[in-house]
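Chemist: My questions all concern the structure below.
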Amino acid sequence: MTVKRYQAEIGTALVTGGLGVAAIIGAAELGTGWGDHGPQAGYFPFWVAIVLVGASLWNLGRAIVTHRQALRTPPDPLDDPEDPFLPRDHLGRVAMFLAAMTAFVIGTLMLGLYVAATLYIGWSAWRQGGFRPWIGLSLGAIFAVALYVIFEVTFQIPLLKGPLEPLLGIY
Amino acid sequence: MGNFDLLMHGFSIAITPTHLMLMVAGVLMGLVVGVLPGLGAPNGVSLLIPLTFALDPTSAIILLSSMYWGALFGGSTTSILFNIPGEPSSVATTFDGYPMARNGESTRALTLAFVSSGVGALMGIMVITLLAGWASQFALKFGAPEYFAVYFLAFAAFIGMGSASPAKTLVSLTTGLILASVGMDTVTGAIRLTYGFSDLLGGVSFLVVVIGLFGIGELLSTVQEGLRFRGVNSKIDLRDVLKTLAELPRYWATTLRSGLIGIWMGITPGGPTAASFMSYGVARQASRKGAAFGTGRPEGIVAPETADHSAGTCAMLPMLALGVPSSATAAVMMGGLMIWGLTPGPMLFATQPDFVWGLIASMYVSNLLGVILVLATVPMFAALLRIPFTIIGPMIVVICFVGAYTVGSATFDLWLVLAFGLVGYVFSKLDYPLAPLILAMVLGHKAENSFHQSMLLSDGSLGIFFANPLVTGIMMVALALLILPKTLGLALSLRRRKEIAP
Amino acid sequence: MTLKSALIAATAIGTAGPALAEWAPTRPIEFVVASGAGGGTDNFARTIQSAMTRNEIVDRNMVVLNKGGGSGAEAFLYARQNAADPHKLIFGTNNVYLLPHVAQLAYSAEDLQPVAALALDEFLIWVKADAPWQTPMELIEAAMAEPGSIVFGGSQSKDTDETLVALIEQTTGADFKYIPFNGGGEVGVQLAGGHVAANVNNPNENIGQWQAGAIRPLCVFSPERMAESEPVSGDMGWHDIPTCVEQGLDIERYQMPRTVWLPAGTEPEVVAYYEDILTQVAATAEWQDYLSKTSQTAAALTGDELTAFIAENEAATVTVFEAEGWTTAAAQ
């Protein structure tokens with residue numbers, strides 16, 4: 001599966017337009033006109049969202065028009081809307097990276113930041129970097145300790161902790 | 001002249017052991033974030049802001065601005081050695097810097113880049129020094145309508161002068177404005193666009209958005225390319241440095257011209273990225289050997305670097321004097337200023353002279369320090385890129401998420417970073433500019449508030465934006481910036497087409 | 001203070017073992033601040049933090065957490081989410097119990113347990129130095145003559161400043177125009193620049209402009225004049241400012257308490273512990289220094305005194321809210 005550039009353009013325009021519509025709905029609930037004290041709370045977001053929807057429609061139209069044109073005329077080698085947006089190998093790499101990152105976020109919420117960071121860095125070094133698992137894990141652990149020293153000890157900023165830290169006497 | 005005394009006073013504040021140490025630390029940290037592809041200046045500064053709460057504002061701004069200069073230097077290092085721009089503003093440096101380094105003249109390329117950066121920065125700071133005193137006389141003239149006009153000007157300039165398609169700039173800008181209006185509205189006290197989620201009550205922090213858009217977004221772009229560094233030798237040879245220094249005066253015309261372009265783009269919201277591209281283009285046009293650009297011409301390095309740094313430093317002036325940042329990093333720094341309890345704007349010069357002049361004086365010192373430090377440490381920082389990406393990449397990811405978490409200690413922000421990482425990746429692939437989004441997030445509230453306040457003052461009449469010469473003047477410039485560049489471009493291309501067609 | 005702690009110590013020794021009766025923190029204490037860093041509430045919390053550390057009142061670490069979103073609602077929601085957690089102190093003003101009246105929020109004042117009020121911030125009427133009005137009544141008469149012509153600037157909307165302006169209107173029948181800005185500092189600048197006619201800033205927010213001779217105070221909303229001080233502007237000090245009642249404006253008291261809270265549901269021993277250490281803080285040199293620098297009035301209210309103060313303050317303010325029609329459906 002490859003995503004073409006014009007498809008990505010259309011998708012993005014739809015998403016930004018959707019955001020605009022959501023904002024219009026949210027603003028409409030607050031009142032978009034003029035009250036006793038000047039503009040109502042929804043006035044500014046409402047008009048901004050109208051502009052956003054307009055600009056998104058413009059981008060959408062443009063993507064469709066250039067796509068139609070490109071089908072008829074020989075492609076411009078520099079800026080071809082039929083160019084793949086994400087070739088398969090790129091897609092694979094980006095998807096893998098994103099999945100690992102999402103797993104890290106979920107891990108942070110469940111196990112706390114330090115444990116999740118150790119596992120994430122360790123896993124990445126092991127599976128993707130070809131290091132031995134224990135090297136990866138110790139790299140991750142060193143990094144986590146460095147974070148602890150910088151944030152909690154030096155600047156006294158608490159980071160997310162999970163079930164493990166209290167067992168070690170760290171709050 | 002008063003400015004000179006104030007500057008001397010500023011030096012007495014800036015040159016203390018603590019502040020010198022902060023400058024060195026800031027420049028070094030800046031070099032790290034500049035060198036690493038996943039971290040840029042706006043992102044690095046965002047990560048650092050929560051750590052500055054314990055410092056007094058002057059020390060904090062010295063640390064942050066030094067980091068900015070360091071990041072600008074660091075960005076050029078990887079452009080030249082690896083053909084990977086560490087910063088968007090150093091993209092133009094890759095055109096001639098990397099070929100020169102490939103030809104075995106990496107020391108020459110780096111020295112040219114760093115020293116002309118330093119010169120560009122000095123030109124920028126001198127302009128700030130001269131204009132700063134004058135800016136404070138403006139102090140009290142700014143009421144709500146004037147402020148709105150200035151914000152309008154900033155938005156208009158981005159749409160009119162940006163290189164991206166105006167519709168895409170507009171999407172980016174309005175998305176930022178909508179994000180900014182989430183949460184409690186100060187003017188009406190209403191809670192807006194939270195759709196019942198209490199996580200959104202406090203609004204969406206621009207710092208979190210910056211970390212997502214620039215940090216995670218850029219990492220995804222790097223991952224997509226598979227990230228294989230094709231580096232060149234990064235040893236610095238002192239003799240080559242001196243030889244290059246002797247060669248520099250030859251490019252005085254390029255330097256001067258690029259510096260002026262940078263100053264102009266820094267004061268108007270063009271920003272360093274636009275400045276470096278513009279300056280590179282102009283240098284190529286002006287050079288008799290224009291065709292050889294792209295093969296390692298020294299002017300091709302001097303021009304973008306000088307403009308990049310003079311724009312970067314000059315971006316501080318509108319940020320401090322009017323509260324309108326002209327680059328993404330300046331926008332982040334201004335957010336920091338407000339977090340420390342300072343109100344950027346004309347009054348800052350009158351009420352906080354120690355802060356303003358301490359910062360200006362520190363800019364002289366830290367840029368000089370920067371040139372020396374960067375030359376001394378380049379081999380070390382270039383080695384960072386030799387760490388396999390499979391290790392450094394996840395570490396950058398962790399730093400980004402930690403940074404986002406420390407902003408508000410909210411787990412919801414972690415999801416936001418992930419989402420905005422995707423947005424940043426897709427936006428930059430499709431040529432949506434990211435800087436207007438950040439600018440809008442920082443200015444959105446202020447623009448809306450000043451509009452609202454103006455409407456309250458005038459009982460709903462838009463005439464208040466043309467009620468006195470000052471506000472009318474600003475509005476006119478804004479409208480001109482909005483409409484003229486594109487229409488002029490259109491007219492020119494039409495005429496050219498006519499000339500070609502018989 | 002000494003008597004109280006001595007009593008607690010005595011009962012501790014007298015009844016159970018020394019370790020049991022008195023509660024003490026076992027982890028770092030989180031100071032949750034209902035304003036951004038650098039705001040008035042933030043300074044309040046950080047002053048207490050440094051007074052506690054320097055005088056070794058608490059031997060645990062204290063971590064400051066700024067949650068200023070939604071005019072502070074973010075911090076109070078956080079308290080609700082961490083009900084019964086004895087290691088979280090919440091710092092605010094009267095916004096804790098006033099906010100739910102004007103905005104629909106996912107917490108109520110019952111989600112927080114009051115611990116102490118440590119200072120009262122004063123409100124004054126300020127005008128530009130060259131303004132024609134010499135007394136508050138002259139200002140009010142000018143507003144009566146031309147309703148809506150005189151512009152008051154203030155920070156936030158439906159917050160303390162707008163409430164006070166509304167209270168002046170309700171007391172005198174004058175009609176002002178109120179324009180909200182982001183913070184007291186900004187309002188001070190707008191007044192000095194002549195873009196608004198008057199404001200009701202706290203002393204600390206306007207001291208710079210007053211020193212510079214750009215603005216001057218008309219009266220203070222306090223039953224007594226403020227404490228003696230060094231001259232601030234010319235030969236005038238804080239004590240030389242008349243009270244509003246002296247000047248014929250019949251609002252005896254309008255002050256904003258700086259308050260400390262715990263999440264609801266903690267043990268009484270926990271509340272007693274924090275009451276004790278906060279009363280100790282009020283006696284430190286750091287605290288006195290903070291009060292005089294920010295020209296606030298000292299107060300050390302705990303227990304029943306505090307409950308009574310809150311009830312009175314809340315009732316009085318809600319009357320103003322109701323008259324202005326600000327109260328939300330949910331709170332009614």
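Labels for the structure tokens follow display order: chains A, B, ..., residues from 1 in each chain, ligands from 1.
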When you look at Gly189 in chain B with a cut-off of 10 Å (counting only C-alpha atoms), what residues show up, excluding the ones that are within fewer than 2 positions of it in the same chain? I need them as a count of residues only.

Modeler: 17

Chemist: Contacts from chain A to chain B, 7 Å maximum, only C-alpha atoms: show me the residue list as a short mmCIF file (atom, residue, chain, number, x, y, z; two decimals) with all heavy atoms, in the first residue's frame.

Modeler:
data_model
loop_
_atom_site.label_atom_id
_atom_site.label_comp_id
_atom_site.auth_asym_id
_atom_site.auth_seq_id
_atom_site.Cartn_x
_atom_site.Cartn_y
_atom_site.Cartn_z
N GLU A 9 -2.90 15.13 0.59
CA GLU A 9 -3.39 16.51 0.57
C GLU A 9 -4.88 16.55 0.88
O GLU A 9 -5.34 17.36 1.69
CB GLU A 9 -3.16 17.15 -0.81
CG GLU A 9 -1.71 17.43 -1.16
CD GLU A 9 -1.23 18.78 -0.64
OE1 GLU A 9 -1.96 19.40 0.15
OE2 GLU A 9 -0.13 19.20 -1.02
N ALA A 23 -14.95 23.35 15.72
CA ALA A 23 -14.82 24.61 16.44
C ALA A 23 -16.05 25.49 16.22
O ALA A 23 -16.49 26.19 17.14
CB ALA A 23 -13.56 25.35 15.98
N GLY A 26 -18.63 24.16 18.55
CA GLY A 26 -18.30 24.55 19.93
C GLY A 26 -18.55 26.02 20.18
O GLY A 26 -19.03 26.42 21.24
N ALA A 27 -18.20 26.85 19.19
CA ALA A 27 -18.36 28.30 19.35
C ALA A 27 -19.82 28.69 19.33
O ALA A 27 -20.25 29.59 20.06
CB ALA A 27 -17.59 29.04 18.25
N HIS A 37 -21.76 43.05 26.61
CA HIS A 37 -20.36 43.38 26.86
C HIS A 37 -19.52 43.09 25.63
O HIS A 37 -18.52 42.39 25.70
CB HIS A 37 -19.83 42.58 28.06
CG HIS A 37 -20.52 42.92 29.33
ND1 HIS A 37 -20.23 44.04 30.06
CD2 HIS A 37 -21.53 42.30 29.99
CE1 HIS A 37 -21.02 44.09 31.12
NE2 HIS A 37 -21.82 43.05 31.09
N GLY A 38 -19.92 43.60 24.48
CA GLY A 38 -19.14 43.39 23.28
C GLY A 38 -19.35 42.01 22.72
O GLY A 38 -20.38 41.38 22.98
N PRO A 39 -18.36 41.51 21.95
CA PRO A 39 -18.52 40.21 21.31
C PRO A 39 -18.71 39.12 22.35
O PRO A 39 -18.09 39.15 23.40
CB PRO A 39 -17.21 40.01 20.57
CG PRO A 39 -16.51 41.31 20.57
CD PRO A 39 -17.07 42.13 21.67
N ALA A 41 -18.46 35.11 23.82
CA ALA A 41 -17.27 34.27 23.94
C ALA A 41 -16.99 33.48 22.67
O ALA A 41 -15.84 33.18 22.35
CB ALA A 41 -17.44 33.32 25.11
N PHE A 44 -15.00 35.17 18.39
CA PHE A 44 -13.67 35.07 17.77
C PHE A 44 -13.40 33.67 17.22
O PHE A 44 -13.10 33.53 16.03
CB PHE A 44 -12.63 35.51 18.81
CG PHE A 44 -11.29 35.81 18.26
CD1 PHE A 44 -11.03 37.03 17.64
CD2 PHE A 44 -10.26 34.88 18.34
CE1 PHE A 44 -9.79 37.32 17.13
CE2 PHE A 44 -9.01 35.17 17.83
CZ PHE A 44 -8.78 36.39 17.23
N PRO A 45 -13.56 32.62 18.04
CA PRO A 45 -13.32 31.27 17.48
C PRO A 45 -14.23 30.96 16.30
O PRO A 45 -13.80 30.28 15.36
CB PRO A 45 -13.62 30.31 18.64
CG PRO A 45 -13.84 31.13 19.84
CD PRO A 45 -13.84 32.57 19.49
N VAL A 48 -12.78 32.66 13.18
CA VAL A 48 -11.51 32.01 12.85
C VAL A 48 -11.78 30.64 12.23
O VAL A 48 -11.17 30.26 11.23
CB VAL A 48 -10.64 31.87 14.13
CG1 VAL A 48 -9.49 30.92 13.88
CG2 VAL A 48 -10.12 33.22 14.55
N ALA A 49 -12.74 29.90 12.79
CA ALA A 49 -13.05 28.57 12.28
C ALA A 49 -13.65 28.65 10.87
O ALA A 49 -13.37 27.80 10.03
CB ALA A 49 -14.03 27.87 13.23
N LEU A 52 -10.80 28.94 8.68
CA LEU A 52 -10.11 27.64 8.59
C LEU A 52 -10.86 26.71 7.62
O LEU A 52 -10.23 26.06 6.77
CB LEU A 52 -10.03 27.00 9.99
CG LEU A 52 -9.45 25.59 10.06
CD1 LEU A 52 -8.07 25.53 9.46
CD2 LEU A 52 -9.41 25.09 11.50
N ALA A 55 -10.23 27.97 4.03
CA ALA A 55 -8.88 27.66 3.54
C ALA A 55 -8.73 26.17 3.29
O ALA A 55 -8.07 25.75 2.33
CB ALA A 55 -7.83 28.15 4.55
N SER A 56 -9.35 25.34 4.14
CA SER A 56 -9.27 23.89 3.94
C SER A 56 -9.98 23.49 2.64
O SER A 56 -9.47 22.66 1.88
CB SER A 56 -9.92 23.15 5.10
OG SER A 56 -9.30 23.51 6.31
N TRP A 58 -10.35 25.35 0.05
CA TRP A 58 -9.46 25.80 -1.03
C TRP A 58 -8.38 24.75 -1.29
O TRP A 58 -8.15 24.36 -2.44
CB TRP A 58 -8.85 27.15 -0.66
CG TRP A 58 -7.80 27.62 -1.62
CD1 TRP A 58 -6.47 27.36 -1.57
CD2 TRP A 58 -8.02 28.41 -2.79
NE1 TRP A 58 -5.84 27.95 -2.63
CE2 TRP A 58 -6.76 28.60 -3.40
CE3 TRP A 58 -9.15 28.98 -3.38
CZ2 TRP A 58 -6.60 29.34 -4.57
CZ3 TRP A 58 -8.98 29.72 -4.55
CH2 TRP A 58 -7.72 29.89 -5.13
N ASN A 59 -7.73 24.29 -0.21
CA ASN A 59 -6.67 23.28 -0.37
C ASN A 59 -7.23 22.00 -0.96
O ASN A 59 -6.59 21.36 -1.80
CB ASN A 59 -6.02 22.98 0.99
CG ASN A 59 -5.11 24.10 1.43
OD1 ASN A 59 -4.58 24.84 0.60
ND2 ASN A 59 -4.95 24.25 2.73
N HIS A 90 9.14 3.41 3.50
CA HIS A 90 9.04 4.54 4.42
C HIS A 90 7.91 4.31 5.41
O HIS A 90 8.06 4.50 6.61
CB HIS A 90 8.78 5.84 3.65
CG HIS A 90 9.98 6.33 2.93
ND1 HIS A 90 10.00 7.53 2.28
CD2 HIS A 90 11.21 5.79 2.78
CE1 HIS A 90 11.20 7.71 1.73
NE2 HIS A 90 11.94 6.66 2.02
N ARG A 93 8.78 1.91 8.16
CA ARG A 93 9.67 2.45 9.19
C ARG A 93 8.95 3.42 10.11
O ARG A 93 9.06 3.37 11.32
CB ARG A 93 10.85 3.17 8.51
CG ARG A 93 12.04 2.27 8.26
CD ARG A 93 13.29 3.09 8.04
NE ARG A 93 13.18 3.91 6.83
CZ ARG A 93 13.66 3.53 5.64
NH1 ARG A 93 14.28 2.39 5.51
NH2 ARG A 93 13.55 4.32 4.60
N VAL A 94 8.17 4.33 9.48
CA VAL A 94 7.47 5.33 10.28
C VAL A 94 6.45 4.66 11.19
O VAL A 94 6.33 4.99 12.37
CB VAL A 94 6.79 6.38 9.36
CG1 VAL A 94 5.90 7.30 10.16
CG2 VAL A 94 7.85 7.18 8.63
N VAL A 105 4.40 5.51 25.51
CA VAL A 105 3.47 6.39 26.23
C VAL A 105 2.56 5.57 27.14
O VAL A 105 2.39 5.89 28.33
CB VAL A 105 2.64 7.24 25.24
CG1 VAL A 105 1.56 8.01 25.98
CG2 VAL A 105 3.54 8.20 24.49
N ALA A 117 10.94 4.16 30.02
CA ALA A 117 12.07 4.66 29.22
C ALA A 117 13.14 3.59 29.11
O ALA A 117 13.71 3.36 28.04
CB ALA A 117 12.63 5.93 29.85
N ILE A 121 14.09 2.19 25.42
CA ILE A 121 15.45 2.34 24.87
C ILE A 121 16.10 0.97 24.71
O ILE A 121 16.74 0.67 23.69
CB ILE A 121 16.28 3.28 25.76
CG1 ILE A 121 15.71 4.70 25.69
CG2 ILE A 121 17.75 3.27 25.35
CD1 ILE A 121 16.27 5.65 26.72
N SER A 124 14.56 -0.85 21.70
CA SER A 124 14.97 -0.29 20.43
C SER A 124 16.41 -0.67 20.09
O SER A 124 16.72 -1.04 18.96
CB SER A 124 14.82 1.23 20.48
OG SER A 124 15.36 1.81 19.33
N ALA A 125 17.29 -0.61 21.09
CA ALA A 125 18.69 -0.97 20.85
C ALA A 125 18.80 -2.45 20.51
O ALA A 125 19.60 -2.86 19.67
CB ALA A 125 19.53 -0.63 22.08
N GLN A 128 16.14 -3.17 17.04
CA GLN A 128 16.41 -2.40 15.83
C GLN A 128 17.89 -2.12 15.65
O GLN A 128 18.37 -1.99 14.54
CB GLN A 128 15.61 -1.11 15.86
CG GLN A 128 14.12 -1.40 15.95
CD GLN A 128 13.31 -0.19 15.60
OE1 GLN A 128 13.40 0.84 16.27
NE2 GLN A 128 12.52 -0.28 14.55
N GLY A 129 18.60 -2.01 16.77
CA GLY A 129 20.01 -1.67 16.65
C GLY A 129 20.91 -2.89 16.65
O GLY A 129 22.11 -2.79 16.37
N PHE A 155 16.45 19.75 40.00
CA PHE A 155 15.44 20.78 39.83
C PHE A 155 14.16 20.52 40.62
O PHE A 155 13.22 21.31 40.57
CB PHE A 155 15.10 20.95 38.34
CG PHE A 155 16.22 21.55 37.55
CD1 PHE A 155 17.07 20.76 36.82
CD2 PHE A 155 16.42 22.92 37.55
CE1 PHE A 155 18.11 21.31 36.10
CE2 PHE A 155 17.45 23.48 36.83
CZ PHE A 155 18.30 22.68 36.10
#

Chemist: Against chain A, which residues of chain C fall within 10 Å? For each one I want the closest pair of atoms and the distance in Å (one decimal), counting only C-alpha atoms, rows by chain and increasing residue number, as a tab-separated table.

Modeler:
residue	atom	partner	partner_atom	distance
C:Thr26	CA	A:Tyr171	CA	9.6
C:Arg27	CA	A:Tyr171	CA	6.6
C:Pro28	CA	A:Tyr171	CA	7.4
C:Glu30	CA	A:Pro158	CA	9.4
C:Asn61	CA	A:Gln156	CA	8.4
C:Met62	CA	A:Gln156	CA	8.2
C:Val63	CA	A:Gln156	CA	6.2
C:Val64	CA	A:Ile157	CA	8.1
C:Leu65	CA	A:Ile157	CA	8.3
C:Lys177	CA	A:His37	CA	9.3
C:Tyr178	CA	A:His37	CA	9.0
C:Ile179	CA	A:His37	CA	9.1

Chemist: Given the selection you just returned, output its residues as a file containing C-alpha atoms, formatted as a PDB file, in the first residue's frame.

Modeler:
ATOM      1  CA  THR C  26       6.336  10.749  54.994  1.00  0.00           C
ATOM      2  CA  ARG C  27       6.906  11.941  51.440  1.00  0.00           C
ATOM      3  CA  PRO C  28       7.791  15.178  49.658  1.00  0.00           C
ATOM      4  CA  GLU C  30       3.467  18.981  46.733  1.00  0.00           C
ATOM      5  CA  ASN C  61      11.229  18.252  50.343  1.00  0.00           C
ATOM      6  CA  MET C  62       8.617  20.614  48.979  1.00  0.00           C
ATOM      7  CA  VAL C  63       7.845  20.637  45.293  1.00  0.00           C
ATOM      8  CA  VAL C  64       5.945  23.523  43.675  1.00  0.00           C
ATOM      9  CA  LEU C  65       3.487  22.605  40.932  1.00  0.00           C
ATOM     10  CA  LYS C 177     -17.403  50.655  31.887  1.00  0.00           C
ATOM     11  CA  TYR C 178     -15.246  47.677  32.902  1.00  0.00           C
ATOM     12  CA  ILE C 179     -12.550  46.287  30.616  1.00  0.00           C
TER      13      ILE C 179
END

Chemist: Identify which of the residues C:Gly248, C:Pro132, C:Pro114, C:Pro100 lies closest to chain B, counting only C-alpha atoms when measuring atom-to-atom distances.

Modeler: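 Selected residue with least distance to chain B: C:Pro100.
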
Chemist: From the options B:Gly296, B:Leu462, B:Lys289, B:Ile159, which residue's atoms come nearest to Ala478 in chain B, counting only C-alpha atoms?

Modeler: B:Ile159

Chemist: For the strand (DSSP E or B) assignment from backbone DSSP, which residues of range 193-272 of chain C qualify? Please present them as a list of chain:residue names.

Modeler: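 Residues of range 193-272 of chain C classed as strand (DSSP E or B): C:Ala198, C:Asn199, C:Ile215, C:Arg216, C:Pro217, C:Leu218, C:Cys219, C:Val220, C:Ser233, C:Met236, C:Thr243, C:Gln255, C:Met256, C:Pro257, C:Arg258, C:Thr259, C:Val260, C:Trp261, C:Leu262, C:Pro263.
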
Chemist: Which residues come within 7 Å of range 118-126 of chain C, counting only C-alpha atoms, excluding same-chain residues fewer than 2 positions away, as a short mmCIF file (atom, residue, chain, number, x, y, z; two decimals) with N, CA and C atoms, in the first residue's frame?

Modeler:
data_model
loop_
_atom_site.label_atom_id
_atom_site.label_comp_id
_atom_site.auth_asym_id
_atom_site.auth_seq_id
_atom_site.Cartn_x
_atom_site.Cartn_y
_atom_site.Cartn_z
N ALA C 116 -5.70 27.34 56.24
CA ALA C 116 -5.34 28.64 56.83
C ALA C 116 -5.48 29.75 55.81
N LYS C 128 -4.98 58.10 37.13
CA LYS C 128 -3.76 58.66 36.56
C LYS C 128 -3.39 59.92 37.35
N ALA C 198 -9.28 54.44 35.45
CA ALA C 198 -9.02 54.05 36.82
C ALA C 198 -8.85 52.54 36.89
N ASN C 199 -8.26 52.05 38.00
CA ASN C 199 -8.26 50.62 38.25
C ASN C 199 -8.34 50.36 39.75
N VAL C 200 -8.54 49.10 40.11
CA VAL C 200 -8.65 48.74 41.53
C VAL C 200 -7.56 47.73 41.89
N ASN C 201 -6.34 48.01 41.43
CA ASN C 201 -5.24 47.07 41.64
C ASN C 201 -4.86 46.91 43.11
N ASN C 202 -4.21 45.76 43.40
CA ASN C 202 -3.59 45.56 44.70
C ASN C 202 -2.34 46.44 44.77
N PRO C 203 -1.89 46.77 45.99
CA PRO C 203 -0.74 47.66 46.12
C PRO C 203 0.47 47.19 45.29
N ILE C 215 0.74 57.46 38.44
CA ILE C 215 -0.62 57.27 38.92
C ILE C 215 -0.66 57.60 40.41
N ARG C 216 -1.86 57.75 40.97
CA ARG C 216 -1.97 57.97 42.42
C ARG C 216 -3.21 57.26 42.97
N PRO C 217 -3.15 56.85 44.26
CA PRO C 217 -4.28 56.15 44.87
C PRO C 217 -5.31 57.14 45.42
N LEU C 218 -6.59 56.76 45.40
CA LEU C 218 -7.62 57.61 45.98
C LEU C 218 -8.04 57.11 47.36
N CYS C 219 -8.26 55.79 47.50
CA CYS C 219 -8.62 55.27 48.81
C CYS C 219 -8.45 53.76 48.84
N VAL C 220 -8.45 53.20 50.06
CA VAL C 220 -8.26 51.77 50.23
C VAL C 220 -9.52 51.16 50.85
N PHE C 221 -9.90 49.98 50.37
CA PHE C 221 -11.13 49.31 50.84
C PHE C 221 -10.83 48.47 52.07
N TYR C 254 -13.07 45.29 51.55
CA TYR C 254 -12.98 44.41 50.39
C TYR C 254 -11.53 43.96 50.32
N GLN C 255 -11.29 42.73 50.76
CA GLN C 255 -9.93 42.22 50.79
C GLN C 255 -9.92 40.82 50.23
N MET C 256 -8.76 40.44 49.72
CA MET C 256 -8.65 39.10 49.15
C MET C 256 -7.74 38.26 50.04
N PRO C 257 -8.27 37.18 50.62
CA PRO C 257 -7.42 36.35 51.47
C PRO C 257 -6.51 35.47 50.63
N ARG C 258 -5.31 35.25 51.12
CA ARG C 258 -4.42 34.26 50.50
C ARG C 258 -4.53 33.00 51.32
N THR C 259 -5.02 31.94 50.69
CA THR C 259 -5.44 30.78 51.44
C THR C 259 -4.67 29.52 51.10
N GLN C 296 0.82 43.76 51.97
CA GLN C 296 -0.38 43.03 52.35
C GLN C 296 -0.56 43.12 53.85
N THR C 297 -1.77 42.86 54.30
CA THR C 297 -2.06 42.91 55.72
C THR C 297 -1.92 41.51 56.30
N ALA C 298 -1.27 41.44 57.46
CA ALA C 298 -1.06 40.13 58.09
C ALA C 298 -2.39 39.56 58.57
N ALA C 299 -2.50 38.25 58.51
CA ALA C 299 -3.67 37.57 59.04
C ALA C 299 -3.22 36.15 59.28
N ALA C 300 -3.72 35.54 60.31
CA ALA C 300 -3.40 34.13 60.51
C ALA C 300 -4.67 33.45 61.00
N LEU C 301 -5.52 33.12 60.05
CA LEU C 301 -6.81 32.54 60.40
C LEU C 301 -6.76 31.03 60.20
#

Chemist: If you run DSSP over the backbone, which residues in range 238-325 of chain C end up helix (DSSP H, G or I)? Put them as an MDAnalysis selection string.

Modeler: chainID C and resid 238:240 268:282 285:294 303:324

Chemist: Within 9 Å of Met226 in chain C, counting only C-alpha atoms, which residues show up once you throw out same-chain ones fewer than 2 positions away? Write them as a list in words, please.

Modeler: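 Listing them by chain and then by number gives Glu122, Val220, Ser222, Glu224, Glu228, Ser229, Trp238, His239, Asp240, Ile241, Pro242, Thr243, Ser295, Gln296 and Thr297 of chain C.
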
Chemist: Hey, what's within 8 Å of range 373-383 of chain B if we count only C-alpha atoms and toss same-chain stuff fewer than 4 positions away? As an MDAnalysis selection string, please?

Modeler: chainID B and resid 27:28 31:32 35 70 73:74 77:78 81 111 114 234:236 369 387

Chemist: Could you work out how far CA of Tyr432 in chain B lies from CA of Leu60 in chain A, giving the answer in Å with one decimal?

Modeler: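 Going from CA of Leu60 in chain A over to CA of Tyr432 in chain B, I get 13.4 Å.
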
Chemist: Applying 10 Å and only C-alpha atoms, which residues near Leu439 in chain B remain after dropping the ones on its own chain fewer than 5 positions away? List them as a VMD selection string.

Modeler: chain B and resid 151 154 to 155 158 172 to 173 176 to 177 206 269 324 to 332 434 444

Chemist: I'd like the neighbourhood of Asn103 in chain B as a ChimeraX atom specification, where a residue qualifies if any of its atoms comes within 12 Å (using only C-alpha atoms), though same-chain residues fewer than 4 positions away should be ignored.

Modeler: /B:80-81,96-99,107-109,232-233,295-297

Chemist: Just the selected residues (C-alpha atoms), exported as a PDB file, in the first residue's frame, please.

Modeler:
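Done, and the output landed in selection_29.pdb:
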ATOM      1  CA  ILE B  80      28.033  21.145   6.596  1.00  0.00           C
ATOM      2  CA  LEU B  81      29.334  17.836   7.894  1.00  0.00           C
ATOM      3  CA  ASP B  96      27.416  24.985  -0.538  1.00  0.00           C
ATOM      4  CA  GLY B  97      28.613  23.920   2.893  1.00  0.00           C
ATOM      5  CA  TYR B  98      28.332  20.179   2.343  1.00  0.00           C
ATOM      6  CA  PRO B  99      30.018  20.213  -1.105  1.00  0.00           C
ATOM      7  CA  THR B 107      37.501  23.257   8.451  1.00  0.00           C
ATOM      8  CA  ARG B 108      37.215  26.086   5.958  1.00  0.00           C
ATOM      9  CA  ALA B 109      33.482  25.541   5.560  1.00  0.00           C
ATOM     10  CA  VAL B 232      32.814  13.746   6.481  1.00  0.00           C
ATOM     11  CA  ASN B 233      35.935  14.280   8.529  1.00  0.00           C
ATOM     12  CA  THR B 295      29.531  23.297  -5.659  1.00  0.00           C
ATOM     13  CA  GLY B 296      31.111  24.761  -2.541  1.00  0.00           C
ATOM     14  CA  ARG B 297      31.345  28.521  -3.060  1.00  0.00           C
TER      15      ARG B 297
END

Chemist: Rank A:Gly11, A:Thr2, A:Pro166, A:Ile25 by their smallest atom-to-atom distance to Leu111 in chain A, using only C-alpha atoms, and report the top residue only.

Modeler: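 Checking each candidate against Leu111 in chain A, we get A:Pro166 as the closest.
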
Chemist: Would you please work out which residue, of B:Leu322, B:Ala350, B:Ile125, B:Val210, is nearest to chain C when using only C-alpha atoms?

Modeler: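 Looking at the shortest contact to chain C, the residue is B:Ala350.
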